[in-house]
Structures are given as C-alpha cells and as structure tokens.
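The data block below is data-v3.txt; it holds compact mmCIF, C-alpha atoms and all ligand atoms.
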```txt
# COMPACT_ATOMS: atom_id res chain seq x y z
CA MET S 1 32.26 -15.41 91.53
CA LEU S 2 31.73 -18.03 88.90
CA GLN S 3 33.67 -21.26 89.43
CA VAL S 4 35.26 -22.33 86.18
CA SER S 5 37.16 -25.53 85.67
CA ILE S 6 39.12 -25.47 82.44
CA TYR S 7 40.93 -28.25 80.60
CA ARG S 8 44.63 -27.48 80.27
CA TYR S 9 47.16 -29.32 78.21
CA ASN S 10 50.34 -28.04 76.65
CA PRO S 11 52.16 -31.07 75.25
CA GLU S 12 55.46 -29.19 75.32
CA ILE S 13 55.28 -28.75 79.10
CA ASP S 14 52.61 -31.04 80.56
CA ALA S 15 53.02 -34.78 80.83
CA GLU S 16 49.24 -35.10 81.07
CA PRO S 17 46.18 -32.93 80.69
CA TYR S 18 44.71 -31.50 83.90
CA MET S 19 41.77 -29.39 84.99
CA GLN S 20 42.54 -25.90 86.27
CA ASP S 21 40.15 -24.14 88.62
CA VAL S 22 39.64 -20.43 88.10
CA GLN S 23 37.29 -17.91 89.63
CA VAL S 24 35.75 -15.38 87.29
CA GLU S 25 34.02 -12.16 88.27
CA THR S 26 31.04 -11.87 85.92
CA GLY S 27 29.55 -8.83 87.61
CA GLY S 28 26.30 -10.72 87.83
CA LYS S 29 25.81 -10.38 84.09
CA ASP S 30 24.55 -13.18 81.85
CA LEU S 31 27.71 -13.21 79.74
CA MET S 32 28.39 -15.59 76.92
CA VAL S 33 30.77 -18.43 77.71
CA LEU S 34 33.28 -16.91 75.26
CA ASP S 35 33.28 -13.70 77.31
CA VAL S 36 34.24 -15.74 80.34
CA MET S 37 37.03 -17.39 78.37
CA GLU S 38 38.29 -13.95 77.33
CA LEU S 39 38.27 -12.85 80.99
CA ILE S 40 40.29 -15.95 81.89
CA LYS S 41 42.74 -15.29 79.08
CA ALA S 42 43.15 -11.70 80.21
CA GLU S 43 44.45 -13.07 83.51
CA ASP S 44 46.44 -15.96 82.04
CA GLU S 45 47.44 -15.58 78.44
CA THR S 46 48.67 -19.17 78.19
CA VAL S 47 45.06 -20.38 77.96
CA VAL S 48 44.45 -21.29 74.32
CA TYR S 49 41.24 -21.62 72.33
CA ARG S 50 39.97 -20.79 68.85
CA ARG S 51 37.56 -17.96 68.16
CA SER S 52 36.97 -15.44 65.49
CA CYS S 53 33.57 -13.90 64.78
CA ARG S 54 32.15 -14.04 68.34
CA GLU S 55 28.65 -14.20 66.92
CA GLY S 56 27.97 -17.78 65.88
CA VAL S 57 29.00 -17.40 62.26
CA CYS S 58 32.52 -18.75 61.84
CA GLY S 59 32.16 -22.00 63.77
CA SER S 60 35.61 -21.88 65.32
CA ASP S 61 34.81 -21.88 69.04
CA GLY S 62 33.04 -25.20 69.42
CA VAL S 63 33.77 -26.40 72.97
CA ASN S 64 32.28 -28.74 75.53
CA MET S 65 30.52 -26.76 78.25
CA ASN S 66 29.36 -28.71 81.31
CA GLY S 67 29.25 -31.80 79.15
CA THR S 68 27.40 -30.31 76.19
CA ASN S 69 28.98 -29.24 72.93
CA GLY S 70 28.22 -25.79 71.60
CA LEU S 71 29.61 -22.51 70.40
CA ALA S 72 31.01 -20.57 73.36
CA CYS S 73 30.18 -17.24 71.75
CA VAL S 74 26.43 -17.83 71.53
CA THR S 75 25.94 -19.88 74.69
CA PRO S 76 24.86 -17.67 77.60
CA LEU S 77 25.97 -18.59 81.10
CA SER S 78 22.32 -18.95 82.08
CA LYS S 79 22.15 -21.89 79.69
CA ALA S 80 25.51 -23.51 80.38
CA VAL S 81 26.20 -22.98 84.08
CA ARG S 82 24.91 -25.38 86.70
CA LYS S 83 25.25 -24.71 90.43
CA ASN S 84 27.53 -21.74 89.72
CA LYS S 85 30.01 -24.07 88.06
CA LEU S 86 31.24 -24.17 84.47
CA VAL S 87 33.43 -26.99 83.20
CA LEU S 88 35.15 -26.23 79.90
CA ARG S 89 36.65 -29.04 77.86
CA PRO S 90 37.74 -29.42 74.24
CA LEU S 91 35.31 -31.09 71.84
CA PRO S 92 35.39 -34.80 72.67
CA GLY S 93 36.78 -37.52 70.45
CA LEU S 94 39.39 -35.54 68.53
CA PRO S 95 43.08 -35.28 69.43
CA VAL S 96 43.89 -32.23 71.55
CA ILE S 97 46.54 -29.90 70.19
CA ARG S 98 46.56 -27.63 73.21
CA ASP S 99 44.00 -26.66 75.89
CA LEU S 100 40.64 -26.23 74.11
CA VAL S 101 42.07 -26.55 70.61
CA VAL S 102 41.47 -29.88 68.88
CA ASP S 103 42.93 -31.31 65.71
CA MET S 104 40.08 -31.25 63.19
CA SER S 105 41.91 -33.18 60.44
CA LEU S 106 39.71 -36.27 60.69
CA PHE S 107 36.59 -34.12 60.71
CA TYR S 108 37.69 -32.28 57.55
CA ALA S 109 38.82 -35.50 55.88
CA GLN S 110 35.29 -36.84 56.28
CA TYR S 111 33.89 -33.59 54.90
CA GLU S 112 36.21 -33.87 51.91
CA LYS S 113 35.03 -37.42 51.24
CA VAL S 114 31.50 -36.31 50.42
CA GLN S 115 32.86 -34.01 47.66
CA PRO S 116 31.01 -30.95 48.96
CA TYR S 117 30.76 -29.05 45.70
CA LEU S 118 28.30 -28.97 42.84
CA GLN S 119 28.96 -31.52 40.11
CA ASN S 120 27.31 -31.16 36.74
CA GLN S 121 29.00 -32.18 33.49
CA SER S 122 26.43 -30.62 31.17
CA PRO S 123 27.55 -27.34 29.54
CA ALA S 124 26.81 -24.37 31.75
CA PRO S 125 23.95 -22.17 30.52
CA ALA S 126 24.70 -18.58 29.52
CA ILE S 127 23.67 -17.05 32.84
CA GLU S 128 23.13 -19.62 35.57
CA ARG S 129 21.63 -23.01 36.38
CA LEU S 130 18.11 -22.19 37.47
CA GLN S 131 16.07 -23.71 40.28
CA SER S 132 12.43 -23.23 41.11
CA PRO S 133 11.69 -21.79 44.55
CA GLU S 134 10.47 -25.26 45.59
CA GLU S 135 13.72 -26.86 44.45
CA ARG S 136 15.73 -24.24 46.27
CA GLU S 137 13.68 -24.82 49.40
CA LYS S 138 15.05 -28.34 49.65
CA LEU S 139 18.42 -26.91 50.59
CA ASP S 140 17.06 -25.07 53.61
CA GLY S 141 18.29 -26.61 56.83
CA LEU S 142 21.34 -27.97 55.01
CA TYR S 143 23.38 -25.12 53.58
CA GLU S 144 23.46 -23.21 56.88
CA CYS S 145 26.02 -25.55 58.47
CA ILE S 146 29.13 -23.72 59.64
CA LEU S 147 31.24 -26.86 60.18
CA CYS S 148 31.75 -26.20 63.87
CA ALA S 149 32.01 -29.97 64.53
CA CYS S 150 29.79 -29.77 67.62
CA CYS S 151 27.57 -32.51 66.19
CA SER S 152 30.16 -35.00 64.96
CA THR S 153 32.13 -34.77 68.20
CA ALA S 154 28.93 -35.46 70.17
CA CYS S 155 28.27 -38.62 68.17
CA PRO S 156 29.40 -41.93 69.72
CA SER S 157 29.59 -43.56 66.30
CA PHE S 158 32.03 -40.85 65.23
CA TRP S 159 34.09 -41.31 68.41
CA TRP S 160 34.55 -45.02 67.69
CA ASN S 161 35.08 -44.80 63.93
CA PRO S 162 36.12 -41.25 63.01
CA ASP S 163 38.09 -42.61 60.06
CA LYS S 164 35.20 -44.62 58.57
CA PHE S 165 31.90 -43.06 59.66
CA ILE S 166 31.39 -39.75 57.88
CA GLY S 167 29.59 -38.29 60.87
CA PRO S 168 26.57 -36.00 61.07
CA ALA S 169 28.27 -32.85 59.74
CA GLY S 170 29.68 -34.56 56.65
CA LEU S 171 26.44 -36.42 56.01
CA LEU S 172 24.39 -33.25 56.27
CA GLN S 173 26.58 -31.83 53.49
CA ALA S 174 26.40 -35.08 51.54
CA TYR S 175 22.64 -34.70 51.52
CA ARG S 176 22.88 -31.01 50.70
CA PHE S 177 24.37 -32.02 47.31
CA LEU S 178 22.17 -35.09 46.87
CA ALA S 179 19.15 -32.84 47.30
CA ASP S 180 20.41 -30.19 44.88
CA THR S 181 18.54 -30.43 41.57
CA ARG S 182 21.50 -28.85 39.77
CA ASP S 183 23.85 -31.64 40.83
CA THR S 184 23.97 -34.62 38.47
CA ALA S 185 26.39 -36.88 40.38
CA THR S 186 23.68 -38.37 42.58
CA ASP S 187 24.37 -41.97 41.69
CA GLU S 188 28.14 -41.72 42.14
CA ARG S 189 27.61 -39.95 45.44
CA LEU S 190 25.26 -42.66 46.66
CA ALA S 191 27.61 -45.43 45.51
CA ARG S 192 30.35 -43.96 47.67
CA LEU S 193 28.04 -43.98 50.71
CA ALA S 194 26.73 -47.54 50.42
CA ASP S 195 29.30 -49.32 52.60
CA PRO S 196 28.46 -50.40 56.18
CA PHE S 197 30.27 -47.48 57.83
CA SER S 198 29.90 -44.19 55.96
CA VAL S 199 26.17 -43.73 56.59
CA PHE S 200 24.99 -46.87 58.32
CA ARG S 201 26.98 -46.36 61.52
CA CYS S 202 24.35 -43.79 62.42
CA HIS S 203 22.07 -45.35 65.01
CA GLY S 204 19.69 -42.41 65.09
CA ILE S 205 20.14 -41.38 68.71
CA GLN S 206 20.08 -37.71 67.69
CA ALA S 207 22.93 -36.54 69.92
CA CYS S 208 23.92 -34.43 66.90
CA VAL S 209 20.53 -32.74 66.64
CA ASN S 210 20.56 -31.78 70.30
CA VAL S 211 23.80 -29.82 70.07
CA CYS S 212 23.72 -28.12 66.68
CA PRO S 213 24.01 -24.38 67.40
CA LYS S 214 22.34 -23.65 64.06
CA GLY S 215 19.31 -25.79 64.89
CA LEU S 216 20.01 -28.16 61.99
CA ASN S 217 18.92 -31.78 61.92
CA PRO S 218 21.61 -34.16 60.62
CA THR S 219 19.59 -37.23 61.69
CA ARG S 220 16.79 -36.30 59.31
CA ALA S 221 19.27 -35.74 56.47
CA ILE S 222 20.82 -39.14 57.20
CA GLY S 223 17.35 -40.69 57.03
CA HIS S 224 16.86 -39.11 53.59
CA ILE S 225 20.20 -40.52 52.40
CA ARG S 226 19.23 -43.96 53.68
CA ASN S 227 15.95 -43.77 51.79
CA MET S 228 17.76 -42.72 48.63
CA LEU S 229 20.13 -45.67 49.01
CA LEU S 230 17.14 -47.92 49.56
CA SER S 231 15.27 -46.79 46.46
CA ARG S 232 18.46 -46.97 44.42
CA ALA S 233 18.87 -50.62 45.42
CA THR S 234 15.29 -51.72 44.88
CA MET T 1 25.60 -65.48 56.19
CA GLY T 2 28.95 -64.69 57.64
CA ALA T 3 31.23 -64.77 54.64
CA PHE T 4 34.17 -64.96 56.92
CA GLY T 5 37.65 -64.10 55.84
CA SER T 6 40.34 -61.57 56.43
CA SER T 7 38.97 -58.25 57.53
CA ASP T 8 40.34 -55.28 55.69
CA CYS T 9 38.93 -52.53 57.79
CA GLY T 10 42.36 -51.56 59.06
CA GLY T 11 42.71 -48.33 60.99
CA GLY T 12 43.99 -45.08 59.66
CA GLY T 13 43.03 -45.20 56.00
CA LEU T 14 40.26 -43.01 54.74
CA ASP T 15 39.50 -44.79 51.51
CA MET T 16 36.28 -46.54 50.65
CA VAL T 17 35.37 -48.86 53.43
CA THR T 18 34.81 -52.48 52.59
CA SER T 19 34.90 -55.38 54.93
CA ALA T 20 35.01 -59.09 54.37
CA THR T 21 33.22 -59.80 57.61
CA THR T 22 30.00 -57.88 57.11
CA ALA T 23 26.97 -59.97 56.44
CA SER T 24 26.45 -58.52 53.01
CA ARG T 25 29.21 -56.04 52.18
CA THR T 26 26.86 -53.12 51.87
CA GLY T 27 25.47 -51.14 54.73
CA LEU T 28 22.07 -51.18 53.11
CA TYR T 29 21.65 -54.94 53.21
CA ASP T 30 22.98 -55.17 56.74
CA TRP T 31 20.41 -52.56 57.65
CA PHE T 32 17.73 -54.42 55.70
CA ILE T 33 18.57 -57.71 57.43
CA GLN T 34 18.42 -55.93 60.77
CA ARG T 35 14.98 -54.45 60.08
CA THR T 36 13.29 -57.45 58.44
CA SER T 37 14.64 -59.85 61.05
CA ALA T 38 13.36 -57.53 63.77
CA VAL T 39 9.89 -57.61 62.19
CA ILE T 40 9.92 -61.42 61.94
CA LEU T 41 11.08 -61.78 65.56
CA LEU T 42 8.45 -59.35 66.77
CA ALA T 43 5.74 -61.24 64.89
CA TYR T 44 6.98 -64.52 66.30
CA VAL T 45 6.94 -63.26 69.87
CA LEU T 46 3.46 -61.81 69.36
CA VAL T 47 2.14 -65.09 67.95
CA CYS T 48 3.65 -67.13 70.80
CA VAL T 49 2.44 -64.79 73.52
CA GLY T 50 -0.94 -64.46 71.80
CA TRP T 51 -1.30 -68.23 71.65
CA MET T 52 -0.44 -68.52 75.35
CA LEU T 53 -3.05 -65.91 76.26
CA ALA T 54 -5.67 -67.56 74.06
CA ASN T 55 -4.95 -70.98 75.56
CA SER T 56 -4.60 -70.18 79.24
CA GLY T 57 -3.90 -73.22 81.35
CA PHE T 58 -2.32 -75.07 78.43
CA GLY T 59 -0.14 -78.05 79.13
CA TYR T 60 2.67 -79.89 77.41
CA THR T 61 0.35 -81.67 74.97
CA GLN T 62 -1.15 -78.46 73.58
CA TRP T 63 2.23 -76.75 73.50
CA SER T 64 3.94 -79.54 71.61
CA GLY T 65 0.84 -79.85 69.43
CA LEU T 66 1.33 -76.25 68.39
CA PHE T 67 4.91 -76.96 67.39
CA ALA T 68 3.93 -80.15 65.57
CA GLN T 69 2.08 -78.15 62.94
CA THR T 70 3.96 -77.40 59.76
CA TRP T 71 3.19 -73.67 59.70
CA MET T 72 4.60 -73.31 63.21
CA LYS T 73 7.71 -75.26 62.30
CA VAL T 74 8.29 -73.08 59.27
CA PHE T 75 7.57 -69.95 61.29
CA SER T 76 9.95 -71.08 64.04
CA LEU T 77 12.66 -71.84 61.50
CA LEU T 78 12.14 -68.40 59.98
CA ALA T 79 12.45 -66.86 63.43
CA LEU T 80 15.63 -68.85 64.00
CA VAL T 81 17.15 -67.57 60.75
CA ALA T 82 16.06 -64.05 61.67
CA LEU T 83 17.60 -64.39 65.12
CA ALA T 84 20.93 -65.55 63.72
CA GLY T 85 20.97 -62.77 61.14
CA HIS T 86 19.93 -60.15 63.65
CA ALA T 87 22.52 -61.26 66.17
CA TRP T 88 25.29 -61.41 63.60
CA VAL T 89 24.72 -57.91 62.21
CA GLY T 90 24.31 -56.51 65.72
CA LEU T 91 27.43 -58.16 67.06
CA TRP T 92 29.45 -57.19 64.00
CA VAL T 93 28.54 -53.55 64.63
CA VAL T 94 29.49 -53.82 68.30
CA PHE T 95 32.78 -55.54 67.51
CA THR T 96 33.75 -52.99 64.87
CA ASP T 97 32.93 -50.19 67.31
CA TYR T 98 34.87 -51.44 70.29
CA LEU T 99 37.29 -54.16 69.23
CA THR T 100 39.32 -52.01 66.89
CA GLU T 101 42.95 -51.06 66.40
CA ARG T 102 41.95 -47.59 67.57
CA MET T 103 40.79 -49.04 70.88
CA LEU T 104 43.14 -51.97 71.38
CA GLY T 105 46.24 -51.16 69.39
CA ALA T 106 47.79 -53.53 66.88
CA ALA T 107 46.16 -56.57 68.49
CA GLY T 108 42.74 -55.13 67.70
CA LYS T 109 42.37 -56.87 64.36
CA THR T 110 43.22 -60.31 65.76
CA ILE T 111 40.95 -59.87 68.76
CA ARG T 112 38.12 -58.70 66.53
CA LEU T 113 38.53 -61.61 64.13
CA LEU T 114 38.56 -64.07 67.03
CA ALA T 115 35.40 -62.54 68.48
CA GLU T 116 33.70 -62.57 65.09
CA GLY T 117 34.77 -66.15 64.45
CA ALA T 118 33.58 -67.28 67.87
CA SER T 119 30.19 -65.64 67.45
CA VAL T 120 29.72 -67.18 63.99
CA ILE T 121 30.47 -70.63 65.39
CA ILE T 122 28.17 -70.12 68.37
CA MET T 123 25.35 -68.88 66.16
CA LEU T 124 25.71 -71.73 63.71
CA ALA T 125 25.68 -74.18 66.61
CA TYR T 126 22.49 -72.69 68.02
CA PHE T 127 20.98 -72.70 64.57
CA VAL T 128 21.67 -76.39 63.94
CA TRP T 129 20.52 -77.21 67.45
CA GLY T 130 17.30 -75.27 66.85
CA ILE T 131 16.61 -77.23 63.66
CA LYS T 132 17.20 -80.46 65.51
CA ILE T 133 14.70 -79.48 68.20
CA LEU T 134 12.10 -78.33 65.70
CA TRP T 135 12.29 -81.12 63.17
CA GLY T 136 13.65 -83.81 65.46
CA LEU T 137 16.46 -84.64 63.02
S1 LIG S 301 21.80 -39.57 65.04
FE1 LIG S 301 23.44 -40.61 63.94
S2 LIG S 301 24.87 -39.00 63.37
FE2 LIG S 301 23.51 -38.14 64.96
S3 LIG S 301 24.63 -38.50 66.87
FE3 LIG S 301 23.30 -40.26 66.54
S4 LIG S 301 24.56 -41.77 65.48
FE4 LIG S 301 25.56 -39.79 65.31
S1 LIG S 302 25.41 -29.48 61.52
FE1 LIG S 302 25.33 -27.95 63.14
S2 LIG S 302 26.64 -28.79 64.76
FE2 LIG S 302 27.12 -29.90 62.92
S3 LIG S 302 28.89 -28.83 62.06
FE3 LIG S 302 27.03 -28.00 61.08
S4 LIG S 302 26.49 -26.22 62.31
FE4 LIG S 302 27.93 -27.43 63.52
S1 LIG S 303 33.57 -17.30 67.45
FE1 LIG S 303 32.71 -17.62 65.47
S2 LIG S 303 31.15 -19.03 65.93
FE2 LIG S 303 31.83 -18.52 67.91
```

The structure in this file should be written as structure tokens.
Amino acid sequence: MLQVSIYRYNPEIDAEPYMQDVQVETGGKDLMVLDVMELIKAEDETVVYRRSCREGVCGSDGVNMNGTNGLACVTPLSKAVRKNKLVLRPLPGLPVIRDLVVDMSLFYAQYEKVQPYLQNQSPAPAIERLQSPEEREKLDGLYECILCACCSTACPSFWWNPDKFIGPAGLLQAYRFLADTRDTATDERLARLADPFSVFRCHGIQACVNVCPKGLNPTRAIGHIRNMLLSRAT
Amino acid sequence: MGAFGSSDCGGGGLDMVTSATTASRTGLYDWFIQRTSAVILLAYVLVCVGWMLANSGFGYTQWSGLFAQTWMKVFSLLALVALAGHAWVGLWVVFTDYLTERMLGAAGKTIRLLAEGASVIIMLAYFVWGIKILWGL
C-alpha cells in the first residue's frame, strides 16, 4: 500500500488547508502519479485537480510531488515516491482555488506581457514568411513549452515578485519571439524587458531547468535575453 | 548612487515596472554595477592577499607604506566605491524581495523605504569614513 498525503482545501467548507492521508493499492505497478490521483478520486470524488491529456501534452496537471514540481501524468511513482510515501501539493506560490487547483491568473498575466505572438508590420508575402533551416533551428527548445507553470512556480524570484518578475515560462516565450527572424519588434520587446524586475530578478539558480517536464532550459533563454539587452545598450 | 525618493513599485499592478530607488532605473545597469564591482573587489582582495604572501612577516611600516602609495590609494578608493555600489544593488534586491506589500501588508512600502534609507545612510557613512582613513582628510 502506497502512503499518500494529499493537500486538501475547499474554501467553502474548510477554515484552513490540511493534509489528508490516504492509502492506495497500486498492485505493485509503477503507475504514473496521475493514475494514483485517479484511484484516490475514485474513492473520494471531492478530491479536485486539473488534468486532460494524461500524456504530457496539455500542461494542466502540474503539481508538487514530494517537493518537486512536475506533470503528474508523466511522472512515474519510481521517480516521485520516497520511502513508500508520496506527498501531493498544489504548485507553490500561486493562490489555491481548491485542493490541487491553483489560480494561474498571475502566471498568464506575465505570459501576456511578453506579447507571445509574431509581430511584423511589413506586408505579408504571397505565400508565407520564409526561414532558412538554420533560422528555424533557433526556435528549438523554445516553442515546445506547454505552459504548465512547473518552472515559474519553482522559482523563488517568482514567488516573491509574481506581479513584476516575468518568470522562466514567460521569459522563455519572450526569447522565442526575440529569436524569431520573422519578428521585427525586437527593439520594442527588449525595451519592455529592461527594468530591474522583468528579466533581472533571475538569479540563475536553475530551479526552473530542473523541473521542466519538457526538458527546456529557461535559464539559458534568460541569458540570451540579457545578452541582447546588453548589446542593445552598448 | 541611490537616487532616493518615493518608490513606486506598489503591489498588484502589472504595468511596466519602474522604481525610484534602484541604483540606475534599468535592470541592465544594476546588473552591470553588480558585475563590474564584483570584478574590482575580487582584484582588490587578490592584490592584498598576494602582497601579504609576497611580504611574509611584514609589519606596520610596510603595510602603511603600501597604503601610502598613490596607486594603492586610488585602488582602495575604487574598491570602496565598488563595495558601496555592490552592497546597495544587493540590498535593494533583497529588500524588494522580502520587504514588500505582498509580504508585510500595507506597511510594506514604509518598512522598505526605511530599510533602504537606513542602508544608504550607513553606506555613505562608511564611504566617507573610508576616504578619511585612506587620505587622512
Ligand atoms: S534560473 Fe532564474 S528563472 Fe530559473 S528558477 Fe532561477 S531565478 Fe527563476
Ligand atoms: S518551460 Fe517547461 S516547465 Fe516551464 S511552463 Fe514551459 S513546459 Fe512547463
Ligand atoms: S494531463 Fe495533460 S500534461 Fe498531464
């Protein structure tokens, strides 16, 4: 029997959040953490979490498992469980709506700030804006982000200033458009990032890199943005 | 350094972030101050330690002789400026992480401004004191 301790909070009933202990029969199989959550929900349907694709594509089931953020659907028990115990908490740093569901408004607001869409005022060519394979390659490791928020909610700088520091996820997308040869708003984009918080609150401790379920590297992207800001100013 | 006035990094808003209490008003220059001052301080420590190793068994006369030379005075002054700049940027970051409205409620802004003001005064005092020691003014 796997010992699971799960964060419970229903603001309509509970005065405070609490941890609920549950035993789950895994049948000795190396299930994914999401499977365990489904087993728990089958017993107690009041347990609430987000999920959709169950295969690491939609980014909706980011949770904190034994202290580490990740997608429950692609995290096997063999990776998450320690000493037969699994502690499930909501992603840290964001307001909890209920149980494992957090309010992502601040996270999305930061994403919105980087204007995550292609900007190019020149008339569109007849078919499409072309890129060479090398130019396209620059977007690898950036476009794959599924906005699960595992990284930003693992970042201390984002915990302290979620309204001012864009956070690793937003900055990865900021760089995705800075690096795109078809985008012509580079200077405006950089100007909006030059203040002491948006980019420069990153202290490079790489907590974001360690948790990204897609294996992306926001710290490196942030370094590229910093270099772009530096060459723009010199 | 330390253009010190009302801080406008109030909580809640998501607009462009500016702040009257940063050293330079852009993150880039704060970052630049932090890096260059770190390099100067490192060089200063290396030179001092290196001198000590090269002059083992030195006494007060040699030590004060070192600091009597103009290059050392200029270097020390540079290190002093670097230290003040480094400390200010570092403390400003710490204060705006932890002494915020988010952490402390409405009093956060006042507490932060007091802490920032106090550290500016302390750093200026050390700076003036350092000059007095170096140049014997
Ligand atoms: S490297 Fe930067 S963005 Fe990533 S966790 Fe650390 S401070 Fe946050
Ligand atoms: S960078 Fe990785 S961890 Fe961060 S939101 Fe994107 S996919 Fe999730
Ligand atoms: S449920 Fe879609 S990523 Fe896990």

Determine which residues of chain S sit within 7 Å of chain T, taking into account all atoms listed in the file, and present them as a list in words.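 On the chain S side, the interface is Trp160, Asn161, Asp163, Lys164, Ala194, Asp195, Pro196, Phe197, Phe200 and Leu230 of chain S.
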
Please measure the separation of atom CA of Asp30 of chain S and atom CA of Ala154 of chain S, giving the value in Å to one decimal.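 Between atom CA of Asp30 of chain S and atom CA of Ala154 of chain S the gap is 25.5 Å.
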
Counting only C-alpha atoms and all ligand atoms, name the residues that have an atom within 12 Å of an atom of ligand LIG 303 (chain S); the answer should be given as a ChimeraX atom specification. /S:32-35,37-38,49-63,70-76,145-150,212-214

Which residues are near ligand LIG 301 (chain S) - at most 7 Å, using all atoms listed in the file? Format: as a PyMOL selection string. chain S and resi 151-152+154-158+167-168+201-209+218-219

Give me, please, the distance in Å between atom CA of Leu100 of chain S and atom CA of Val48 of chain S, quoted to one decimal. 6.2 Å

Any idea what the distance is between atom CA of Phe95 of chain T and atom CA of Leu113 of chain T? 9.0 Å

Extract segment 216-225 of chain S from the preceding block and save all heavy atoms as a compact mmCIF listing (two decimals), in the first residue's frame.
```txt
# COMPACT_ATOMS: atom_id res chain seq x y z
N LEU S 216 13.17 21.71 -21.16
CA LEU S 216 13.58 23.01 -21.72
C LEU S 216 14.47 23.73 -20.71
O LEU S 216 14.53 23.38 -19.54
CB LEU S 216 12.34 23.85 -22.06
CG LEU S 216 11.31 23.13 -22.93
CD1 LEU S 216 10.12 24.02 -23.20
CD2 LEU S 216 11.94 22.66 -24.23
N ASN S 217 15.15 24.77 -21.21
CA ASN S 217 16.12 25.46 -20.36
C ASN S 217 15.86 26.97 -20.32
O ASN S 217 16.49 27.74 -21.05
CB ASN S 217 17.54 25.19 -20.87
CG ASN S 217 18.60 25.67 -19.91
OD1 ASN S 217 18.40 26.65 -19.18
ND2 ASN S 217 19.74 25.00 -19.88
N PRO S 218 14.92 27.40 -19.47
CA PRO S 218 14.62 28.84 -19.38
C PRO S 218 15.84 29.67 -18.98
O PRO S 218 15.99 30.79 -19.46
CB PRO S 218 13.53 28.91 -18.31
CG PRO S 218 12.91 27.56 -18.28
CD PRO S 218 14.03 26.60 -18.61
N THR S 219 16.70 29.14 -18.12
CA THR S 219 17.85 29.93 -17.68
C THR S 219 18.73 30.34 -18.86
O THR S 219 19.21 31.47 -18.93
CB THR S 219 18.70 29.14 -16.67
OG1 THR S 219 17.84 28.57 -15.70
CG2 THR S 219 19.70 30.04 -15.98
N ARG S 220 18.91 29.42 -19.81
CA ARG S 220 19.73 29.75 -20.97
C ARG S 220 19.04 30.84 -21.80
O ARG S 220 19.69 31.79 -22.24
CB ARG S 220 19.97 28.49 -21.82
CG ARG S 220 21.09 28.70 -22.84
CD ARG S 220 21.16 27.57 -23.85
NE ARG S 220 21.29 26.27 -23.22
CZ ARG S 220 20.66 25.17 -23.65
NH1 ARG S 220 19.88 25.23 -24.71
NH2 ARG S 220 20.82 24.03 -23.01
N ALA S 221 17.73 30.71 -21.98
CA ALA S 221 16.98 31.72 -22.74
C ALA S 221 17.10 33.08 -22.06
O ALA S 221 17.28 34.11 -22.72
CB ALA S 221 15.52 31.31 -22.86
N ILE S 222 17.03 33.09 -20.73
CA ILE S 222 17.14 34.35 -19.99
C ILE S 222 18.53 34.95 -20.19
O ILE S 222 18.68 36.15 -20.38
CB ILE S 222 16.84 34.10 -18.49
CG1 ILE S 222 15.37 33.70 -18.31
CG2 ILE S 222 17.16 35.35 -17.66
CD1 ILE S 222 15.02 33.16 -16.94
N GLY S 223 19.55 34.09 -20.23
CA GLY S 223 20.91 34.57 -20.50
C GLY S 223 21.00 35.22 -21.88
O GLY S 223 21.63 36.26 -22.04
N HIS S 224 20.32 34.62 -22.87
CA HIS S 224 20.32 35.20 -24.22
C HIS S 224 19.65 36.57 -24.20
O HIS S 224 20.12 37.51 -24.83
CB HIS S 224 19.58 34.29 -25.19
CG HIS S 224 20.33 33.04 -25.54
ND1 HIS S 224 21.66 33.04 -25.87
CD2 HIS S 224 19.94 31.74 -25.60
CE1 HIS S 224 22.05 31.80 -26.13
NE2 HIS S 224 21.03 30.99 -25.96
N ILE S 225 18.52 36.68 -23.47
CA ILE S 225 17.82 37.97 -23.41
C ILE S 225 18.74 39.01 -22.77
O ILE S 225 18.85 40.14 -23.24
CB ILE S 225 16.52 37.87 -22.58
CG1 ILE S 225 15.56 36.88 -23.23
CG2 ILE S 225 15.86 39.24 -22.45
CD1 ILE S 225 14.27 36.67 -22.47
```
